[in-house]
Structure formats: C-alpha cells, structure tokens
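Q: I have a structure I would like to understand better, so I am pasting it below and will then ask my questions one at a time.
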Amino acid sequence: MNRPRRVAWRRVATIAVVAVCVSYAPIAMTELWPYAQRGAPALGEWVLARAVSPRYVAEAVADRLGPYGRSLVALIVHSVLGGALMLLGPVQLLSAVRRRIRLHRVVGVVFALTVYASMAGAAAYLVRTAPQDAFSGAAFWIVLTTILVGTVLSVTFGIFAAVGRFPDLHQRWLLLCYGFLMTAPLLRLEWGALPWLLPGLSMADINRVAVMHLGSVVAFGALLASRAMDRRGSVSGVRGTWVPMPVLAVAHLAGAAALAWIVRSYLGRGTEGLRLLVAYLVPYAVSYAVLLVRQRRAGRDGRSWAREEWRLHLAALCLAPVLSAGAALLFERYTGLDRGTALSAGVAIGCGVLAFAATTVVSLRIMFARELVKREGLAAPRRPHRTPSPA
C-alpha cells in the first residue's frame, strides 16, 4: 500500500532538485558580472531586487566589491564552473537511475574534473581573503573553507570507491559531494525567502542565520537520497551493530550536555542570539526525529543494513553539538575570534563535519564486511574431488 506513495515522493524530490539546479545554473554563471563592471546585469541580483528590495541587494554588492575584486578571475572560474556542475549533477543522477553506464562514466569524469577546477578557484579566493573581510565575517569564511574541503574529499573518496568497485559507497560519496555543492543555490533561496520572515535584516545578517543550518540540511538530504536508492535489506558480512545501545546512550548524553551549553550561550546574546539559535535548533530537531524514527522502523521490519546506517548517522548527529562546542572554544582561543563569532562558526560546521564522519564509518563498515566475507570464503574447507566411477 505504501509503495506507490514512496515512489511518488521520490519522483517529486527528484524533480524539485533538478528544477533548483537548472534554475540556479544561469544565476551562478552571471553572478560576478556586477563586480567585473559596475551596473552589469546579473540574473540573481535582478531576482533578489524584486523579491526583497534593490537596497537589500545594493548593500550586499557594496560589501563584497573589495574582497571580490582582489580575486575576481578565480571567482569567475569558480562560479561559471559551479553553474556547469548544477547541470552535470542531474545528468549524473538520472543516468545512474536509468542504468546508462557509459554515459554515467563519461559525465562522471567531466564532473570530477569540474569539481576540482571550481574548488581551486574558491580556494584561491579564500587564501587571498582575510577571514574578517569575508562576506558577513569570519564565521562564513570558516564555513566556506569547511564546505570546500568536504566537497573535494567527497568527490575523491567517490572516485576511490568506483575504482575499488564499491558502487554503493561511490553513490554515497557523490551524493554527499553534490549535497555540499547544493549549499550555493539553497543559500540564494534563503537570501530571498528569509527577509519575509525576518524583515529589516541586511543580506549579511540573513547569511549568518542561513549558515546555522545549511550544512545539516544538505547532509540530511544526501542521506535521504542514499537510503532511497539503496533498497537492500541486509549486506553480506554486516553483522550486529557498531553502535550498541550503551554507545548510543553515551552519544545522546554528551550531545545533550553540549546542546545545553550552546543554548545557554546563545540565550545570553539577546535577540540576535535567539534568532541564530532557532535557525539551528529547528532543522536539527527535524533531522533527529526522522533518523530516530527511521532506525526504529527499519529494526522492526528486519532491515538490518538500513537500521545500521540510520543508527550510525543518528549517533553522529547526537555528537555534532559536542564537536561544535569544542570547535567554538578552539576558535575563540587560538584564532582571536570573539566569543559570538567563534560560537557561530563552531555551530555552523558541526553537523556537516559529523555527517562526513558518519559516511566514512559507513564506508569502513561495508569494506570490513567485504573483507570478512572474503576471508570466510578462503577459510571454508574445500570439498574433496571425487574421481568418476568407471561405470
């Protein structure tokens, strides 16, 4: 009874992702025109000016003129190739779903090379820009750097998985890579939508709100896509769990303590702190609820592999506030950031980094399972060869 509904939701999600990617591609490719020449038209700026206000856009452009001008060529390479990736991604997704193996491989090579070239342009911008000079401050510079590293490592691990003939791991890493790339169009959507909920804020302020949950949203979306495409109930060699109940309980307790510290820290920062806290907690709570329900449902239905993957990501999500709190303290002590900026930077990167770590553990789980099956096959006693009877 539930199968048609699930298929319909998958189709709707696929169409929505493809529509966002195709719509954002021309926006990305023309985004740097106003910085190269004053008054030049840009599709994204035109849409935002009409969705919010021309002043809202003009202030943001003025804030970024200096940092962008020092790395304009690198940023043009990054944005134009980023727009191309928005078009290559749906081709990769649809070719994988439809089993067009040759097309998938050719486009995959182009996709990987484009990711490396685009991220090289972004890296050049980040190296030439001081963290405090980045748009909306040092916290956003740290977030951009983390996304860049996660994108490059994800596509690299995806290549290694394909070469090692782990198609399921290849799929997971490339979906996570594309999730990190999707932070760009989703951020632009929030630039246009959040001013309706939070009127009077500048784009820099809206940006600080959006990065509170952007990493968790794209990582959660990549996990949902991975699980939707993996219909296996079990995997050979995967036995038991790497996250028994005592470990999961400790993760919950540690996460709750760190989350309480984050809540108290933000509540002491007035209206701005409350705004940032809500932007972080609501998506976090939704992700936690879905992961908890899915892993319990998979266990009840006897789908051991689905339960294990949901559970690994649930443990990682519980530990994300621990990483965020620790990173905030380190940023404040060793980078000279003020307490509020350090806290926002730590909170913004926590869920994305832990989702990457969870995908790594899932990969190790599958590779260990394959090695276990291989060793058991070698250790199995061979049947004695029977000489055929003369009769």
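As shown in the structure tokens, the chain order sets the letters A, B, ...; within each chain, residues go from 1, and ligands are also counted from 1 in the order they appear.
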For Leu267 (chain A), list every protein, DNA or RNA residue within 12 Å, evaluated using only C-alpha atoms, and leave out those in the same chain fewer than 5 positions away; present the list as a list of chain:residue names.
A: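 Returned residues: A:Ala260, A:Trp261, A:Ile262, A:Glu272, A:Gly273, A:Leu274, A:Arg275, A:Leu276, A:Leu277, A:Val278, A:Gly340.
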Q: Output as a tab-separated table one row per residue of region 55-104 of chain A within 6 Å of region 114-132 of chain A: the closest atom pair and its distance in Å to one decimal place, counting only C-alpha atoms, sorted by chain and residue number ascending.
A:
```
residue	atom	partner	partner_atom	distance
A:Ser71	CA	A:Tyr125	CA	5.4
A:Ala74	CA	A:Gly121	CA	4.4
A:Leu75	CA	A:Gly121	CA	5.7
A:Val77	CA	A:Gly121	CA	5.9
A:His78	CA	A:Ser118	CA	4.3
A:Leu81	CA	A:Ser118	CA	5.5
```
Q: Taking 4 positions as the minimum chain separation for residues in the same chain, which residues sit within 10 Å of region 348-351 of chain A when counting only C-alpha atoms? Answer as an MDAnalysis selection string.
A: chainID A and resid 139:140 142:147 208:220 280 284 316:328 342:344 355:357
Q: Put those residues in a file: N, CA and C atoms, as a short mmCIF file (atom, residue, chain, number, x, y, z; two decimals), in the first residue's frame.
A:
```
data_model
loop_
_atom_site.label_atom_id
_atom_site.label_comp_id
_atom_site.auth_asym_id
_atom_site.auth_seq_id
_atom_site.Cartn_x
_atom_site.Cartn_y
_atom_site.Cartn_z
N ALA A 139 33.07 33.87 10.51
CA ALA A 139 32.34 32.61 10.62
C ALA A 139 31.98 32.06 9.24
N PHE A 140 31.59 32.94 8.34
CA PHE A 140 31.25 32.48 6.99
C PHE A 140 32.49 32.01 6.24
N ILE A 142 35.02 30.49 7.58
CA ILE A 142 35.28 29.15 8.10
C ILE A 142 34.30 28.15 7.50
N VAL A 143 33.04 28.54 7.37
CA VAL A 143 32.05 27.66 6.77
C VAL A 143 32.40 27.35 5.32
N LEU A 144 32.78 28.38 4.55
CA LEU A 144 33.15 28.17 3.15
C LEU A 144 34.35 27.24 3.03
N THR A 145 35.33 27.41 3.90
CA THR A 145 36.51 26.55 3.87
C THR A 145 36.14 25.11 4.17
N THR A 146 35.27 24.91 5.15
CA THR A 146 34.85 23.56 5.51
C THR A 146 34.08 22.90 4.37
N ILE A 147 33.19 23.65 3.73
CA ILE A 147 32.44 23.10 2.59
C ILE A 147 33.40 22.73 1.45
N ARG A 208 24.15 35.07 8.07
CA ARG A 208 24.53 34.49 9.36
C ARG A 208 23.46 33.53 9.88
N VAL A 209 22.21 33.85 9.59
CA VAL A 209 21.12 32.96 10.00
C VAL A 209 21.14 31.68 9.16
N ALA A 210 21.33 31.80 7.86
CA ALA A 210 21.25 30.65 6.95
C ALA A 210 22.33 29.62 7.22
N VAL A 211 23.55 30.07 7.52
CA VAL A 211 24.64 29.11 7.69
C VAL A 211 24.50 28.31 8.98
N MET A 212 23.59 28.69 9.86
CA MET A 212 23.36 27.94 11.09
C MET A 212 22.84 26.53 10.81
N HIS A 213 22.19 26.34 9.68
CA HIS A 213 21.59 25.03 9.40
C HIS A 213 21.90 24.52 8.00
N LEU A 214 22.62 25.27 7.19
CA LEU A 214 22.81 24.87 5.80
C LEU A 214 23.54 23.52 5.69
N GLY A 215 24.61 23.34 6.49
CA GLY A 215 25.36 22.08 6.44
C GLY A 215 24.52 20.89 6.86
N SER A 216 23.72 21.06 7.90
CA SER A 216 22.89 19.95 8.36
C SER A 216 21.81 19.60 7.34
N VAL A 217 21.24 20.59 6.67
CA VAL A 217 20.18 20.35 5.70
C VAL A 217 20.69 19.57 4.49
N VAL A 218 21.82 19.98 3.92
CA VAL A 218 22.32 19.30 2.72
C VAL A 218 22.83 17.90 3.06
N ALA A 219 23.46 17.73 4.23
CA ALA A 219 23.93 16.40 4.62
C ALA A 219 22.75 15.46 4.86
N PHE A 220 21.70 15.98 5.48
CA PHE A 220 20.49 15.19 5.71
C PHE A 220 19.84 14.81 4.38
N TYR A 280 19.22 27.19 14.14
CA TYR A 280 19.99 25.96 14.31
C TYR A 280 19.13 24.82 14.86
N TYR A 284 17.77 20.92 13.20
CA TYR A 284 18.43 19.85 13.96
C TYR A 284 17.38 18.91 14.57
N ALA A 316 26.10 10.15 15.00
CA ALA A 316 26.89 11.30 14.56
C ALA A 316 26.15 12.61 14.79
N LEU A 317 24.84 12.61 14.52
CA LEU A 317 24.05 13.83 14.75
C LEU A 317 24.03 14.19 16.23
N CYS A 318 23.94 13.19 17.10
CA CYS A 318 23.97 13.46 18.54
C CYS A 318 25.29 14.08 18.96
N LEU A 319 26.38 13.67 18.33
CA LEU A 319 27.70 14.17 18.70
C LEU A 319 28.06 15.49 18.02
N ALA A 320 27.23 15.93 17.07
CA ALA A 320 27.53 17.18 16.37
C ALA A 320 27.62 18.37 17.32
N PRO A 321 26.73 18.53 18.32
CA PRO A 321 26.90 19.65 19.25
C PRO A 321 28.20 19.57 20.06
N VAL A 322 28.67 18.36 20.33
CA VAL A 322 29.95 18.21 21.05
C VAL A 322 31.08 18.79 20.21
N LEU A 323 31.10 18.43 18.92
CA LEU A 323 32.11 19.00 18.03
C LEU A 323 31.96 20.51 17.92
N SER A 324 30.75 20.99 17.82
CA SER A 324 30.51 22.43 17.69
C SER A 324 31.01 23.18 18.92
N ALA A 325 30.71 22.66 20.11
CA ALA A 325 31.16 23.33 21.33
C ALA A 325 32.68 23.33 21.43
N GLY A 326 33.29 22.19 21.12
CA GLY A 326 34.75 22.14 21.15
C GLY A 326 35.40 23.04 20.13
N ALA A 327 34.84 23.07 18.91
CA ALA A 327 35.38 23.94 17.87
C ALA A 327 35.23 25.41 18.24
N ALA A 328 34.11 25.77 18.85
CA ALA A 328 33.89 27.16 19.26
C ALA A 328 34.95 27.60 20.28
N ALA A 342 33.03 32.91 17.19
CA ALA A 342 33.56 31.56 17.35
C ALA A 342 32.43 30.56 17.56
N LEU A 343 31.43 30.93 18.34
CA LEU A 343 30.29 30.04 18.58
C LEU A 343 29.52 29.77 17.30
N SER A 344 29.26 30.80 16.52
CA SER A 344 28.53 30.62 15.26
C SER A 344 29.31 29.76 14.28
N ALA A 355 28.40 14.49 9.65
CA ALA A 355 27.78 13.70 8.58
C ALA A 355 28.85 13.10 7.68
N PHE A 356 29.90 13.89 7.40
CA PHE A 356 31.04 13.36 6.63
C PHE A 356 31.68 12.21 7.39
N ALA A 357 31.87 12.37 8.71
CA ALA A 357 32.46 11.31 9.51
C ALA A 357 31.58 10.06 9.51
#
```
Q: For Trp242 (chain A), find every residue with an atom within 10 Å (counting only C-alpha atoms), except residues of its own chain fewer than 6 positions away, and show them as JSON, numbers by chain.
A: {"A": [248, 308, 309, 311, 312, 361, 362, 365]}
Q: Within 12 Å of Leu103 (chain A), counting only C-alpha atoms, which residues qualify if same-chain residues fewer than 6 places away don't, as a count of residues only?
A: 11
Q: Separation of CA of Met86 (chain A) and CA of Val22 (chain A), in Å?
A: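 So the answer is 6.4 Å.
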Q: Closest to Pro185 (chain A) among A:Arg105, A:Asp301, A:Gly83, A:Gly377, using only C-alpha atoms?
A: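 That would be A:Gly83, the residue with the smallest distance to Pro185 (chain A).
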Q: What is the distance between CA of Thr156 (chain A) and CA of Leu174 (chain A), in Å to one decimal?
A: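 CA of Thr156 (chain A) sits 9.0 Å away from CA of Leu174 (chain A).
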Q: Report as a list of chain:residue names all protein, DNA and RNA residues lying within 12 Å of Ala62 (chain A), evaluated on only C-alpha atoms, omitting residues in the same chain fewer than 2 positions from it.
A: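 Near Ala62 (chain A), the qualifying residues are A:Pro34, A:Tyr35, A:Arg38, A:Gly39, A:Arg55, A:Tyr56, A:Val57, A:Ala58, A:Glu59, A:Ala60, A:Arg64, A:Leu65, A:Gly66, A:Pro67, A:Tyr68, A:Gly69, A:Phe135, A:Met203, A:Ala204.
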Q: Could you save the residues just selected, with N, CA and C atoms, as an mmCIF file, in the first residue's frame?
A:
```cif
data_model
loop_
_atom_site.group_PDB
_atom_site.id
_atom_site.type_symbol
_atom_site.label_atom_id
_atom_site.label_comp_id
_atom_site.auth_asym_id
_atom_site.auth_seq_id
_atom_site.Cartn_x
_atom_site.Cartn_y
_atom_site.Cartn_z
ATOM 1 N N PRO A 34 28.331 42.057 -12.035
ATOM 2 C CA PRO A 34 28.356 43.394 -11.444
ATOM 3 C C PRO A 34 29.694 43.745 -10.788
ATOM 4 N N TYR A 35 30.460 42.749 -10.390
ATOM 5 C CA TYR A 35 31.749 43.011 -9.758
ATOM 6 C C TYR A 35 32.833 43.259 -10.793
ATOM 7 N N ARG A 38 30.608 47.734 -13.126
ATOM 8 C CA ARG A 38 29.505 48.364 -12.399
ATOM 9 C C ARG A 38 28.275 48.508 -13.287
ATOM 10 N N GLY A 39 27.135 48.106 -12.760
ATOM 11 C CA GLY A 39 25.892 48.237 -13.494
ATOM 12 C C GLY A 39 25.586 47.097 -14.438
ATOM 13 N N ARG A 55 17.684 48.040 -2.516
ATOM 14 C CA ARG A 55 18.650 48.448 -1.493
ATOM 15 C C ARG A 55 19.288 47.239 -0.817
ATOM 16 N N TYR A 56 18.491 46.232 -0.567
ATOM 17 C CA TYR A 56 18.971 44.986 0.038
ATOM 18 C C TYR A 56 20.108 44.389 -0.789
ATOM 19 N N VAL A 57 19.959 44.410 -2.110
ATOM 20 C CA VAL A 57 20.977 43.862 -2.998
ATOM 21 C C VAL A 57 22.158 44.808 -3.127
ATOM 22 N N ALA A 58 21.899 46.095 -3.244
ATOM 23 C CA ALA A 58 22.973 47.069 -3.438
ATOM 24 C C ALA A 58 23.940 47.075 -2.253
ATOM 25 N N GLU A 59 23.420 46.964 -1.037
ATOM 26 C CA GLU A 59 24.290 46.933 0.140
ATOM 27 C C GLU A 59 25.182 45.702 0.133
ATOM 28 N N ALA A 60 24.639 44.577 -0.268
ATOM 29 C CA ALA A 60 25.438 43.351 -0.315
ATOM 30 C C ALA A 60 26.527 43.442 -1.373
ATOM 31 N N ARG A 64 30.848 43.443 -0.841
ATOM 32 C CA ARG A 64 31.723 42.421 -1.423
ATOM 33 C C ARG A 64 32.628 42.936 -2.534
ATOM 34 N N LEU A 65 32.519 44.192 -2.895
ATOM 35 C CA LEU A 65 33.316 44.712 -4.010
ATOM 36 C C LEU A 65 34.822 44.567 -3.763
ATOM 37 N N GLY A 66 35.273 44.943 -2.576
ATOM 38 C CA GLY A 66 36.697 44.889 -2.281
ATOM 39 C C GLY A 66 37.263 43.483 -2.277
ATOM 40 N N PRO A 67 36.732 42.568 -1.432
ATOM 41 C CA PRO A 67 37.268 41.198 -1.411
ATOM 42 C C PRO A 67 37.128 40.482 -2.747
ATOM 43 N N TYR A 68 36.003 40.666 -3.439
ATOM 44 C CA TYR A 68 35.818 40.002 -4.724
ATOM 45 C C TYR A 68 36.756 40.574 -5.791
ATOM 46 N N GLY A 69 37.025 41.875 -5.717
ATOM 47 C CA GLY A 69 37.891 42.488 -6.724
ATOM 48 C C GLY A 69 39.308 41.959 -6.685
ATOM 49 N N PHE A 135 32.411 38.018 3.357
ATOM 50 C CA PHE A 135 31.028 38.482 3.473
ATOM 51 C C PHE A 135 30.404 37.949 4.764
ATOM 52 N N MET A 203 21.432 41.510 3.994
ATOM 53 C CA MET A 203 21.786 40.205 3.460
ATOM 54 C C MET A 203 22.893 39.553 4.282
ATOM 55 N N ALA A 204 23.804 40.345 4.821
ATOM 56 C CA ALA A 204 24.855 39.789 5.675
ATOM 57 C C ALA A 204 24.254 39.148 6.921
#
```
Q: Within 8 Å of Ile27 (chain A), counting only C-alpha atoms, which residues show up once you throw out same-chain ones fewer than 6 positions away? Write them as a VMD selection string, please.
A: chain A and resid 42 to 44 83
Q: If you run DSSP on the backbone here, which positions in region 220-276 of chain A get alpha helix (DSSP H)? Please write them as an NGL selection string.
A: :A and (220-229 or 245-267 or 270-276)
Q: Have a look at A:Leu223, A:Val149, A:Ala257, A:Ile15 and name the one nearest to Arg294 (chain A); count only C-alpha atoms.
A: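 Under the stated criterion, the closest residue is A:Leu223.
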